[in-house]
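Structure file model33.txt; described as compact mmCIF, C-alpha atoms.
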```
# COMPACT_ATOMS: atom_id res chain seq x y z
CA MET C 18 0.00 0.00 0.00
CA LEU C 19 1.26 3.46 -0.86
CA ASP C 20 1.40 6.02 1.90
CA PRO C 21 -1.46 8.51 1.66
CA VAL C 22 -0.77 11.79 -0.09
CA GLY C 23 0.94 14.21 2.25
CA SER C 24 2.39 11.50 4.48
CA THR C 25 5.63 12.45 6.21
CA VAL C 26 6.62 8.92 7.21
CA GLY C 27 9.27 7.02 5.36
CA ARG C 28 12.60 8.01 3.88
CA TYR C 29 13.76 9.58 0.65
CA PRO C 30 15.96 7.08 -1.24
CA LEU C 31 18.68 9.59 -2.16
CA GLU C 32 19.06 11.06 1.34
CA GLY C 33 22.74 11.64 2.06
CA ILE C 34 23.68 12.01 -1.62
CA LYS C 35 25.27 15.38 -2.35
CA VAL C 36 25.06 16.79 -5.87
CA LEU C 37 27.13 19.68 -7.21
CA ASP C 38 24.99 21.09 -10.01
CA PHE C 39 26.54 23.26 -12.73
CA THR C 40 23.52 23.02 -15.04
CA ARG C 41 21.29 25.78 -16.33
CA VAL C 42 18.10 26.44 -18.26
CA LEU C 43 16.19 23.13 -18.61
CA ALA C 44 17.78 19.74 -19.42
CA GLY C 45 20.23 19.71 -16.51
CA PRO C 46 18.01 21.49 -13.97
CA TYR C 47 15.16 19.08 -14.77
CA CYS C 48 17.51 16.19 -13.99
CA THR C 49 18.69 17.67 -10.70
CA MET C 50 15.11 18.56 -9.72
CA ILE C 51 14.29 14.85 -9.99
CA LEU C 52 17.29 14.05 -7.78
CA ALA C 53 16.17 16.68 -5.26
CA ASP C 54 12.63 15.27 -5.24
CA LEU C 55 14.17 11.88 -4.42
CA GLY C 56 16.02 13.33 -1.45
CA ALA C 57 19.45 14.39 -2.75
CA GLU C 58 21.02 17.60 -1.50
CA VAL C 59 21.48 19.59 -4.70
CA ILE C 60 23.91 22.51 -4.56
CA LYS C 61 23.41 24.68 -7.64
CA VAL C 62 26.58 26.52 -8.69
CA GLU C 63 25.82 29.80 -10.47
CA HIS C 64 27.80 32.74 -11.76
CA PRO C 65 27.68 35.70 -9.35
CA GLU C 66 26.37 38.01 -12.11
CA GLY C 67 22.88 36.85 -13.04
CA GLY C 68 23.23 33.12 -12.43
CA ASP C 69 21.17 30.63 -14.44
CA ASP C 70 19.82 32.28 -17.62
CA ALA C 71 16.40 30.83 -16.80
CA ARG C 72 16.07 33.33 -13.94
CA GLY C 73 15.33 35.84 -16.68
CA PHE C 74 12.72 33.75 -18.52
CA GLY C 75 9.01 34.50 -18.14
CA PRO C 76 6.34 34.23 -17.05
CA PHE C 77 7.07 36.20 -13.88
CA GLN C 78 5.25 36.28 -10.57
CA GLN C 79 6.15 39.20 -8.31
CA GLY C 80 9.26 39.69 -10.43
CA LYS C 81 10.48 36.09 -10.10
CA SER C 82 10.62 33.60 -12.95
CA ALA C 83 7.98 30.89 -12.68
CA TYR C 84 9.95 29.01 -15.36
CA PHE C 85 13.04 28.93 -13.12
CA MET C 86 11.08 28.13 -9.99
CA SER C 87 9.31 25.19 -11.66
CA VAL C 88 12.52 23.18 -12.24
CA ASN C 89 14.74 24.35 -9.38
CA ARG C 90 12.59 23.71 -6.33
CA GLY C 91 14.26 22.32 -3.25
CA LYS C 92 17.83 23.15 -4.33
CA LYS C 93 20.53 25.31 -2.75
CA SER C 94 22.30 28.06 -4.68
CA ILE C 95 25.89 29.19 -4.31
CA THR C 96 27.68 31.69 -6.52
CA VAL C 97 31.21 30.94 -7.73
CA ASN C 98 33.10 32.58 -10.57
CA LEU C 99 34.73 29.60 -12.29
CA LYS C 100 37.02 31.89 -14.29
CA THR C 101 38.99 32.80 -11.17
CA PRO C 102 41.69 30.52 -9.68
CA GLU C 103 40.15 30.91 -6.24
CA GLY C 104 36.73 29.95 -7.55
CA ARG C 105 38.08 26.82 -9.21
CA GLU C 106 39.90 25.87 -6.02
CA ILE C 107 36.66 26.15 -4.06
CA ILE C 108 35.03 23.80 -6.56
CA ARG C 109 37.87 21.29 -6.30
CA ASN C 110 37.50 21.27 -2.54
CA LEU C 111 33.73 20.81 -2.78
CA VAL C 112 34.13 17.97 -5.29
CA GLN C 113 36.02 15.96 -2.68
CA ARG C 114 32.93 16.12 -0.46
CA VAL C 115 30.12 15.33 -2.90
CA ASP C 116 28.85 12.24 -4.69
CA VAL C 117 27.72 13.64 -8.03
CA VAL C 118 28.68 16.46 -10.40
CA VAL C 119 26.20 17.38 -13.14
CA GLU C 120 26.94 19.81 -15.96
CA ASN C 121 25.39 20.65 -19.32
CA PHE C 122 28.04 22.83 -20.93
CA ARG C 123 29.32 22.15 -24.41
CA PRO C 124 31.88 19.32 -24.41
CA GLY C 125 35.33 20.62 -23.48
CA ALA C 126 34.15 23.67 -21.53
CA MET C 127 34.79 22.12 -18.11
CA ASP C 128 38.09 20.63 -19.31
CA ARG C 129 39.33 24.09 -20.28
CA LEU C 130 38.67 25.21 -16.71
CA GLY C 131 40.55 22.23 -15.29
CA LEU C 132 37.26 20.90 -13.94
CA GLY C 133 36.54 18.16 -16.47
CA ALA C 134 35.72 14.56 -15.68
CA LYS C 135 39.34 13.35 -15.57
CA ASP C 136 40.38 16.25 -13.33
CA LEU C 137 37.57 15.75 -10.85
CA LEU C 138 37.69 11.94 -10.78
CA ALA C 139 41.39 12.26 -9.92
CA LEU C 140 40.31 14.22 -6.83
CA ASN C 141 37.44 11.89 -5.93
CA GLY C 142 37.53 8.38 -7.35
CA ARG C 143 33.97 7.69 -6.13
CA LEU C 144 32.53 10.67 -8.00
CA ILE C 145 29.73 10.29 -10.53
CA TYR C 146 30.40 12.90 -13.24
CA ALA C 147 27.31 13.39 -15.41
CA ALA C 148 27.56 15.45 -18.60
CA SER C 149 24.39 16.27 -20.52
CA SER C 150 24.95 17.95 -23.87
CA GLY C 151 23.28 18.43 -27.21
CA PHE C 152 25.15 15.73 -29.13
CA GLY C 153 27.29 13.92 -26.57
CA GLN C 154 31.00 13.92 -25.76
CA THR C 155 32.02 12.10 -28.97
CA GLY C 156 31.22 12.21 -32.67
CA PRO C 157 31.50 14.86 -35.41
CA TRP C 158 28.73 17.01 -33.91
CA ALA C 159 30.01 16.86 -30.33
CA GLU C 160 30.82 20.58 -30.11
CA LYS C 161 27.82 21.78 -32.11
CA ALA C 162 25.46 24.12 -30.26
CA ALA C 163 22.07 22.64 -29.48
CA TYR C 164 18.69 23.84 -28.34
CA ASP C 165 15.58 21.75 -27.85
CA MET C 166 14.04 22.45 -31.25
CA ILE C 167 17.34 21.74 -33.02
CA VAL C 168 17.50 18.22 -31.58
CA GLN C 169 13.78 17.66 -32.16
CA GLY C 170 14.51 18.33 -35.82
CA ALA C 171 17.79 16.43 -36.04
CA GLY C 172 16.38 13.48 -34.09
CA GLY C 173 13.48 12.95 -36.49
CA ILE C 174 10.61 13.50 -34.09
CA MET C 175 9.43 16.65 -35.88
CA SER C 176 9.30 14.76 -39.18
CA ILE C 177 6.58 12.45 -37.81
CA THR C 178 4.66 15.05 -35.77
CA GLY C 179 1.74 17.08 -37.12
CA GLN C 180 -0.90 16.61 -39.77
CA PRO C 181 -0.37 14.72 -43.07
CA ASP C 182 1.03 17.04 -45.76
CA GLY C 183 1.55 19.73 -43.11
CA PRO C 184 4.84 21.42 -42.16
CA PRO C 185 7.20 19.80 -39.63
CA THR C 186 5.76 20.42 -36.16
CA ARG C 187 7.52 20.90 -32.84
CA VAL C 188 6.26 18.74 -29.99
CA GLY C 189 4.33 21.02 -27.63
CA VAL C 190 6.81 20.64 -24.75
CA SER C 191 10.61 20.81 -24.82
CA ILE C 192 10.90 17.07 -25.22
CA GLY C 193 14.54 17.21 -26.28
CA ASP C 194 15.56 18.87 -23.03
CA LEU C 195 13.18 16.90 -20.83
CA THR C 196 14.19 13.54 -22.27
CA ALA C 197 17.86 14.37 -21.74
CA GLY C 198 17.08 15.33 -18.15
CA LEU C 199 15.27 12.05 -17.54
CA PHE C 200 18.04 9.93 -19.06
CA THR C 201 20.68 11.86 -17.11
CA ALA C 202 18.84 11.15 -13.86
CA ILE C 203 18.53 7.47 -14.79
CA GLY C 204 22.23 7.35 -15.65
CA ILE C 205 23.17 8.94 -12.32
CA VAL C 206 21.13 6.60 -10.13
CA THR C 207 22.43 3.64 -12.14
CA ALA C 208 26.02 4.81 -11.64
CA LEU C 209 25.36 5.30 -7.91
CA TYR C 210 24.12 1.71 -7.70
CA SER C 211 27.18 0.51 -9.62
CA ARG C 212 29.39 2.42 -7.18
CA ARG C 213 27.85 0.46 -4.31
CA LEU C 214 29.03 -2.72 -6.02
CA THR C 215 32.46 -1.58 -7.21
CA GLY C 216 33.39 1.39 -5.04
CA GLN C 217 34.28 3.31 -8.19
CA GLY C 218 32.83 6.42 -9.74
CA GLN C 219 32.37 6.94 -13.48
CA VAL C 220 31.26 9.29 -16.24
CA VAL C 221 27.65 9.49 -17.44
CA ASP C 222 27.50 10.87 -21.01
CA ILE C 223 24.00 11.87 -22.13
CA SER C 224 23.15 13.39 -25.52
CA MET C 225 19.90 15.21 -26.28
CA LEU C 226 20.04 13.78 -29.80
CA ASP C 227 20.51 10.24 -28.46
CA GLY C 228 17.42 10.75 -26.31
CA GLN C 229 15.32 11.70 -29.32
CA VAL C 230 16.50 8.67 -31.28
CA ALA C 231 15.63 6.45 -28.29
CA LEU C 232 12.05 7.77 -28.41
CA LEU C 233 11.44 6.87 -32.03
CA GLU C 234 10.11 3.43 -30.99
CA ASN C 235 8.28 1.84 -33.92
CA ALA C 236 9.23 4.55 -36.43
CA ILE C 237 12.66 2.94 -36.76
CA ALA C 238 11.09 -0.53 -36.86
CA ARG C 239 8.70 0.51 -39.65
CA TYR C 240 11.52 2.02 -41.69
CA ALA C 241 13.74 -1.05 -41.16
CA VAL C 242 11.03 -3.52 -42.18
CA THR C 243 9.29 -1.67 -45.00
CA GLY C 244 11.97 0.67 -46.31
CA GLU C 245 9.38 3.44 -46.25
CA ILE C 246 10.15 6.69 -44.43
CA PRO C 247 7.47 7.37 -41.76
CA GLU C 248 5.54 10.62 -42.14
CA PRO C 249 3.13 12.59 -39.91
CA LEU C 250 -0.22 10.92 -39.35
CA GLY C 251 -1.95 13.52 -37.23
CA GLY C 252 -3.65 11.89 -34.26
CA ARG C 253 -3.71 8.30 -35.50
CA HIS C 254 -1.46 5.39 -34.64
CA PRO C 255 0.60 4.02 -37.53
CA SER C 256 -0.19 0.34 -36.95
CA ILE C 257 -3.32 0.11 -34.76
CA THR C 258 -6.77 1.10 -36.11
CA PRO C 259 -8.91 2.77 -34.86
CA PHE C 260 -6.52 4.39 -32.43
CA GLU C 261 -6.94 8.16 -32.77
CA ASN C 262 -8.93 11.27 -31.91
CA PHE C 263 -12.33 12.07 -33.40
CA ALA C 264 -14.44 15.21 -33.40
CA THR C 265 -17.63 14.87 -31.36
CA ALA C 266 -20.71 17.11 -31.31
CA ASP C 267 -18.98 19.45 -28.85
CA GLY C 268 -15.28 18.64 -28.80
CA TRP C 269 -12.90 15.71 -29.19
CA ILE C 270 -12.53 12.16 -27.96
CA ILE C 271 -9.75 9.60 -28.26
CA VAL C 272 -10.78 6.05 -29.11
CA ALA C 273 -8.23 3.26 -28.69
CA ALA C 274 -9.59 -0.02 -29.99
CA GLY C 275 -6.33 -1.93 -29.68
CA ASN C 276 -7.50 -5.37 -30.80
CA ASP C 277 -10.25 -7.13 -32.74
CA GLN C 278 -12.38 -7.74 -29.65
CA LEU C 279 -12.37 -4.06 -28.77
CA TRP C 280 -13.19 -3.24 -32.40
CA ALA C 281 -16.32 -5.39 -32.17
CA ARG C 282 -17.34 -3.67 -28.93
CA LEU C 283 -16.84 -0.26 -30.54
CA CYS C 284 -18.98 -1.18 -33.54
CA LYS C 285 -21.81 -2.34 -31.27
CA ALA C 286 -21.55 0.84 -29.16
CA MET C 287 -21.82 2.93 -32.35
CA GLY C 288 -24.75 0.91 -33.64
CA ARG C 289 -22.65 -0.21 -36.62
CA GLU C 290 -22.56 -3.98 -36.21
CA ASP C 291 -22.40 -4.20 -39.99
CA LEU C 292 -18.79 -3.06 -39.87
CA ILE C 293 -17.81 -6.13 -37.85
CA GLU C 294 -18.78 -8.40 -40.73
CA ASN C 295 -17.08 -6.30 -43.39
CA PRO C 296 -14.08 -8.34 -44.57
CA LEU C 297 -12.07 -5.15 -45.19
CA PHE C 298 -12.22 -4.32 -41.47
CA ALA C 299 -12.29 -7.76 -39.84
CA THR C 300 -8.68 -7.60 -38.59
CA ASN C 301 -6.42 -4.85 -37.32
CA LYS C 302 -4.18 -5.37 -40.36
CA GLY C 303 -7.16 -4.92 -42.67
CA ARG C 304 -8.43 -1.85 -40.83
CA THR C 305 -5.02 -0.24 -41.00
CA GLU C 306 -4.55 -1.02 -44.68
CA ASN C 307 -8.09 0.19 -45.48
CA TYR C 308 -8.01 3.18 -43.17
CA ILE C 309 -9.16 5.66 -45.84
CA ALA C 310 -12.30 3.59 -46.46
CA LEU C 311 -12.96 3.06 -42.74
CA ARG C 312 -12.46 6.55 -41.35
CA PRO C 313 -15.62 8.21 -42.79
CA HIS C 314 -17.81 5.66 -40.97
CA LEU C 315 -16.15 6.48 -37.67
CA VAL C 316 -16.16 10.25 -38.22
CA GLU C 317 -19.88 10.24 -38.99
CA ALA C 318 -20.73 8.15 -35.92
CA MET C 319 -18.63 10.14 -33.46
CA ALA C 320 -20.07 13.46 -34.61
CA ARG C 321 -23.56 12.42 -33.50
CA ARG C 322 -22.97 12.72 -29.75
CA THR C 323 -21.10 14.89 -27.28
CA THR C 324 -17.78 13.89 -25.76
CA ALA C 325 -19.43 13.21 -22.39
CA GLU C 326 -22.09 11.02 -24.00
CA TRP C 327 -19.49 8.99 -25.89
CA MET C 328 -17.37 8.64 -22.75
CA ASP C 329 -20.32 7.09 -20.92
CA ILE C 330 -21.25 4.81 -23.81
CA LEU C 331 -17.75 3.61 -24.63
CA GLU C 332 -16.69 3.08 -21.03
CA ALA C 333 -19.83 1.04 -20.42
CA ALA C 334 -18.90 -1.02 -23.48
CA GLY C 335 -15.33 -1.52 -22.23
CA VAL C 336 -13.73 0.45 -25.06
CA PRO C 337 -10.69 2.50 -23.96
CA CYS C 338 -11.36 6.18 -24.55
CA GLY C 339 -10.58 9.59 -23.15
CA PRO C 340 -10.99 13.33 -23.66
CA ILE C 341 -8.39 15.78 -24.94
CA ASN C 342 -7.95 18.02 -21.92
CA ASN C 343 -6.58 21.53 -22.03
CA ILE C 344 -3.99 22.52 -19.43
CA ALA C 345 -6.56 24.02 -17.05
CA GLU C 346 -8.52 20.77 -17.17
CA VAL C 347 -5.35 18.77 -16.49
CA VAL C 348 -4.38 20.91 -13.51
CA ASN C 349 -7.83 20.48 -11.98
CA HIS C 350 -8.47 16.87 -13.00
CA PRO C 351 -9.55 14.68 -10.06
CA GLN C 352 -7.19 11.86 -11.08
CA VAL C 353 -4.25 14.24 -11.37
CA ARG C 354 -5.13 15.72 -7.97
CA ALA C 355 -5.64 12.30 -6.39
CA ARG C 356 -2.13 11.32 -7.49
CA ASN C 357 -0.64 14.50 -5.97
CA MET C 358 0.62 15.56 -9.38
CA ILE C 359 -0.04 19.24 -8.71
CA VAL C 360 1.99 20.41 -5.73
CA GLU C 361 2.50 23.87 -4.32
CA VAL C 362 5.62 25.89 -3.66
CA ASP C 363 5.36 28.89 -1.34
CA ASP C 364 8.06 31.38 -2.28
CA PRO C 365 8.67 34.18 0.24
CA VAL C 366 8.53 36.81 -2.54
CA ALA C 367 6.52 35.30 -5.39
CA GLY C 368 3.96 33.65 -3.13
CA LYS C 369 2.27 30.35 -3.86
CA LEU C 370 2.86 28.67 -7.20
CA PRO C 371 1.36 25.35 -8.36
CA MET C 372 3.61 23.04 -10.36
CA ALA C 373 3.86 19.44 -11.47
CA GLY C 374 4.53 16.93 -8.71
CA ASN C 375 6.83 13.93 -8.67
CA PRO C 376 5.53 11.04 -10.84
CA ILE C 377 7.84 8.57 -9.10
CA LYS C 378 5.70 7.08 -6.33
CA LEU C 379 7.56 4.80 -3.92
CA SER C 380 5.77 3.05 -1.08
CA SER C 381 8.46 4.06 1.43
CA MET C 382 8.94 7.65 0.24
CA PRO C 383 6.95 10.67 1.42
CA ASP C 384 5.01 12.56 -1.23
CA PRO C 385 4.11 15.91 0.39
CA THR C 386 1.63 18.31 -1.17
CA SER C 387 4.06 21.23 -0.83
CA ARG C 388 7.71 21.50 -1.83
CA PRO C 389 10.59 23.81 -0.85
CA ALA C 390 10.96 26.93 -2.97
CA ALA C 391 13.65 27.44 -5.59
CA PRO C 392 16.66 29.30 -4.17
CA ASP C 393 17.48 32.95 -4.68
CA LEU C 394 20.81 33.56 -6.40
CA GLY C 395 23.60 32.74 -3.95
CA GLN C 396 21.15 32.20 -1.09
CA HIS C 397 23.18 29.34 0.39
CA THR C 398 26.75 30.43 -0.38
CA VAL C 399 27.63 31.15 3.24
CA GLU C 400 25.84 28.05 4.54
CA VAL C 401 27.55 25.68 2.11
CA LEU C 402 31.05 27.11 2.25
CA THR C 403 31.10 27.38 6.04
CA GLY C 404 29.44 24.00 6.57
CA MET C 405 31.30 21.95 3.96
CA LEU C 406 34.65 23.75 3.67
CA GLY C 407 34.94 25.47 7.04
CA LEU C 408 35.48 28.92 5.51
CA SER C 409 34.84 31.82 7.84
CA GLU C 410 32.21 34.42 7.02
CA GLN C 411 35.05 36.99 6.94
CA ARG C 412 36.87 34.97 4.26
CA ILE C 413 33.66 34.54 2.25
CA TRP C 414 33.07 38.32 2.42
CA GLU C 415 36.63 38.92 1.14
CA LEU C 416 36.11 36.51 -1.76
CA GLN C 417 32.83 38.23 -2.62
CA LYS C 418 34.63 41.60 -2.76
CA GLN C 419 37.20 40.05 -5.12
CA GLY C 420 34.45 38.81 -7.49
CA VAL C 421 35.17 35.15 -6.72
CA LEU C 422 31.77 34.54 -5.12
```
Can the structure in the file be given as structure tokens, please?
Amino acid sequence: MLDPVGSTVGRYPLEGIKVLDFTRVLAGPYCTMILADLGAEVIKVEHPEGGDDARGFGPFQQGKSAYFMSVNRGKKSITVNLKTPEGREIIRNLVQRVDVVVENFRPGAMDRLGLGAKDLLALNGRLIYAASSGFGQTGPWAEKAAYDMIVQGAGGIMSITGQPDGPPTRVGVSIGDLTAGLFTAIGIVTALYSRRLTGQGQVVDISMLDGQVALLENAIARYAVTGEIPEPLGGRHPSITPFENFATADGWIIVAAGNDQLWARLCKAMGREDLIENPLFATNKGRTENYIALRPHLVEAMARRTTAEWMDILEAAGVPCGPINNIAEVVNHPQVRARNMIVEVDDPVAGKLPMAGNPIKLSSMPDPTSRPAAPDLGQHTVEVLTGMLGLSEQRIWELQKQGVL
């Protein structure tokens, strides 16, 4: 049995793991947010002048970036100028006291500072050094600049997204960044488990492009088997029919008849038992091959009733179906709320801000309805450097005057 929402019993699985986080904007911060949600102490290292670029991205609430707050909750922030010798020395000292370093600079940037994987693993042989970049640490595109939409295009996902004969379409979220963040988090926890077995740290190399290729699922299989290049299909599935969205009398509904039994149930629910006996549509293979002939029958039937009416009818018939919710409907959906997937952060300046919760539900891990706020720039510099390195507040003040912190 899972603990009830809001329970404070149990333990976070990454408690005691310290993460030095050099990431910014989205891919890396999304990864380290996951680690923080799982209990790691994440120390975000930012430049003293401005910090993470995302602090300047809208929308803003009371002058603070909701974008930044949404992926940096529960972290600590210290400011260190990595271009100064003193700043780099502080980082080297911190590295000897942490478990994980995460960065999403272009390959080679940390090496040029003397803070690359080889340098830091020489200081701490148990360190997990995770590098998330656009195209990875190797290959002819390794040093090429990357943004989410660039890897969505290069990775093929835009070529199969959108309506038939329409222009290439970006996925509606930054799936290139988010996928890289997810795979980086998976790589880190895997490397931490490996360290328990071997005692050794290692490098985690995650590419945004690799992540997009990994998501292509049956698109690659279809190309390999048929030799045909997959194209956009709108809302339909390429190999299961009917498995798509249809317009109703007042909106949209998704119908997913994933096998021949469900197809028969759908036909009966629509009052079109005649379609069951039609040899063109008797099997999923036939329905997919004869999709153009089949679709008008389904479109005409679905348009007769409202989405709510069809939901009742199809659910009673045992046919998988669902609405297409807008974001407001998602945020307020009873299932989403029941799963604690909208949590609240109470920032001392910006006030309360709802955001997505943690989808990883563990029976022994608390899942509170509120989360710690994202840090202000350099909010924890004194706390971290006095607590972990034993620097005096006087020394920290001197380093701040010198532009090191």
Inset, instruction - Choose the residue, out of C:Ile205, C:Val220, C:Met175, C:Ala57, that has the smallest atom-to-atom separation from C:Gln154; count all atoms listed in the file. - result: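 Using all atoms listed in the file, the shortest distance to C:Gln154 belongs to C:Val220.
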Inset, instruction - Determine, counting all atoms listed in the file, which protein, DNA and RNA residues have an atom within 9 Å of an atom of stretch 265-272 of chain C; residues of the same chain fewer than 6 positions away are not included. Present the result as a PyMOL selection string. - result: chain C and resi 252+259+283+316+318-325+327-328+331+336-341
Legend entry - Contact residues around C:Val190 with all atoms listed in the file at 12 Å, ignoring same-chain residues under 6 positions, as a list in words: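 Close residues of C:Val190: Leu43, Asp165, Met166, Gln169 and Thr196 of chain C.
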Can you tell me, as a PDB file with C-alpha atoms, in the frame of the given file, what residues are no more than 9 Å from C:Ala391 when counting all atoms listed in the file, ignoring any on the same chain fewer than 5 positions away?
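The resulting selection38.pdb:
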```pdb
ATOM      1  CA  PHE C  85      13.040  28.930 -13.120  1.00  0.00           C
ATOM      2  CA  MET C  86      11.080  28.130  -9.990  1.00  0.00           C
ATOM      3  CA  SER C  87       9.310  25.190 -11.660  1.00  0.00           C
ATOM      4  CA  VAL C  88      12.520  23.180 -12.240  1.00  0.00           C
ATOM      5  CA  ASN C  89      14.740  24.350  -9.380  1.00  0.00           C
ATOM      6  CA  ARG C  90      12.590  23.710  -6.330  1.00  0.00           C
ATOM      7  CA  GLY C  91      14.260  22.320  -3.250  1.00  0.00           C
ATOM      8  CA  LYS C  92      17.830  23.150  -4.330  1.00  0.00           C
ATOM      9  CA  LYS C  93      20.530  25.310  -2.750  1.00  0.00           C
ATOM     10  CA  SER C  94      22.300  28.060  -4.680  1.00  0.00           C
ATOM     11  CA  VAL C 362       5.620  25.890  -3.660  1.00  0.00           C
ATOM     12  CA  ASP C 364       8.060  31.380  -2.280  1.00  0.00           C
TER      13      ASP C 364
END
```
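Take atom CA of C:Glu120 and atom CA of C:Ser149: the distance between them is 6.3 Å.
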Inset, instruction - Please indicate the distance in Å from atom CA of C:Ala373 to atom CA of C:Val353, rounded to one decimal place. - result: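 About the pair atom CA of C:Ala373 and atom CA of C:Val353: they are 9.6 Å apart.
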Quick one: stretch 403-418 of chain C with N, CA and C atoms, as an mmCIF file, in the coordinates of the input?
```cif
data_model
loop_
_atom_site.group_PDB
_atom_site.id
_atom_site.type_symbol
_atom_site.label_atom_id
_atom_site.label_comp_id
_atom_site.auth_asym_id
_atom_site.auth_seq_id
_atom_site.Cartn_x
_atom_site.Cartn_y
_atom_site.Cartn_z
ATOM 1 N N THR C 403 30.715 27.516 4.635
ATOM 2 C CA THR C 403 31.100 27.380 6.040
ATOM 3 C C THR C 403 30.891 25.939 6.498
ATOM 4 N N GLY C 404 29.771 25.344 6.104
ATOM 5 C CA GLY C 404 29.440 24.000 6.570
ATOM 6 C C GLY C 404 30.286 22.911 5.954
ATOM 7 N N MET C 405 30.580 23.023 4.641
ATOM 8 C CA MET C 405 31.300 21.950 3.960
ATOM 9 C C MET C 405 32.807 22.184 3.896
ATOM 10 N N LEU C 406 33.219 23.456 3.820
ATOM 11 C CA LEU C 406 34.650 23.750 3.670
ATOM 12 C C LEU C 406 35.259 24.411 4.896
ATOM 13 N N GLY C 407 34.422 24.841 5.839
ATOM 14 C CA GLY C 407 34.940 25.470 7.040
ATOM 15 C C GLY C 407 35.441 26.887 6.833
ATOM 16 N N LEU C 408 35.063 27.540 5.720
ATOM 17 C CA LEU C 408 35.480 28.920 5.510
ATOM 18 C C LEU C 408 34.768 29.832 6.497
ATOM 19 N N SER C 409 35.445 30.847 6.934
ATOM 20 C CA SER C 409 34.840 31.820 7.840
ATOM 21 C C SER C 409 33.990 32.797 7.041
ATOM 22 N N GLU C 410 33.040 33.414 7.702
ATOM 23 C CA GLU C 410 32.210 34.420 7.020
ATOM 24 C C GLU C 410 33.073 35.591 6.574
ATOM 25 N N GLN C 411 34.124 35.924 7.337
ATOM 26 C CA GLN C 411 35.050 36.990 6.940
ATOM 27 C C GLN C 411 35.740 36.641 5.632
ATOM 28 N N ARG C 412 36.199 35.393 5.486
ATOM 29 C CA ARG C 412 36.870 34.970 4.260
ATOM 30 C C ARG C 412 35.894 34.977 3.081
ATOM 31 N N ILE C 413 34.673 34.542 3.313
ATOM 32 C CA ILE C 413 33.660 34.540 2.250
ATOM 33 C C ILE C 413 33.386 35.974 1.807
ATOM 34 N N TRP C 414 33.303 36.911 2.767
ATOM 35 C CA TRP C 414 33.070 38.320 2.420
ATOM 36 C C TRP C 414 34.214 38.854 1.576
ATOM 37 N N GLU C 415 35.477 38.473 1.923
ATOM 38 C CA GLU C 415 36.630 38.920 1.140
ATOM 39 C C GLU C 415 36.581 38.382 -0.289
ATOM 40 N N LEU C 416 36.220 37.101 -0.428
ATOM 41 C CA LEU C 416 36.110 36.510 -1.760
ATOM 42 C C LEU C 416 34.990 37.135 -2.577
ATOM 43 N N GLN C 417 33.913 37.534 -1.918
ATOM 44 C CA GLN C 417 32.830 38.230 -2.620
ATOM 45 C C GLN C 417 33.319 39.580 -3.123
ATOM 46 N N LYS C 418 34.090 40.301 -2.324
ATOM 47 C CA LYS C 418 34.630 41.600 -2.760
ATOM 48 C C LYS C 418 35.559 41.439 -3.953
#
```
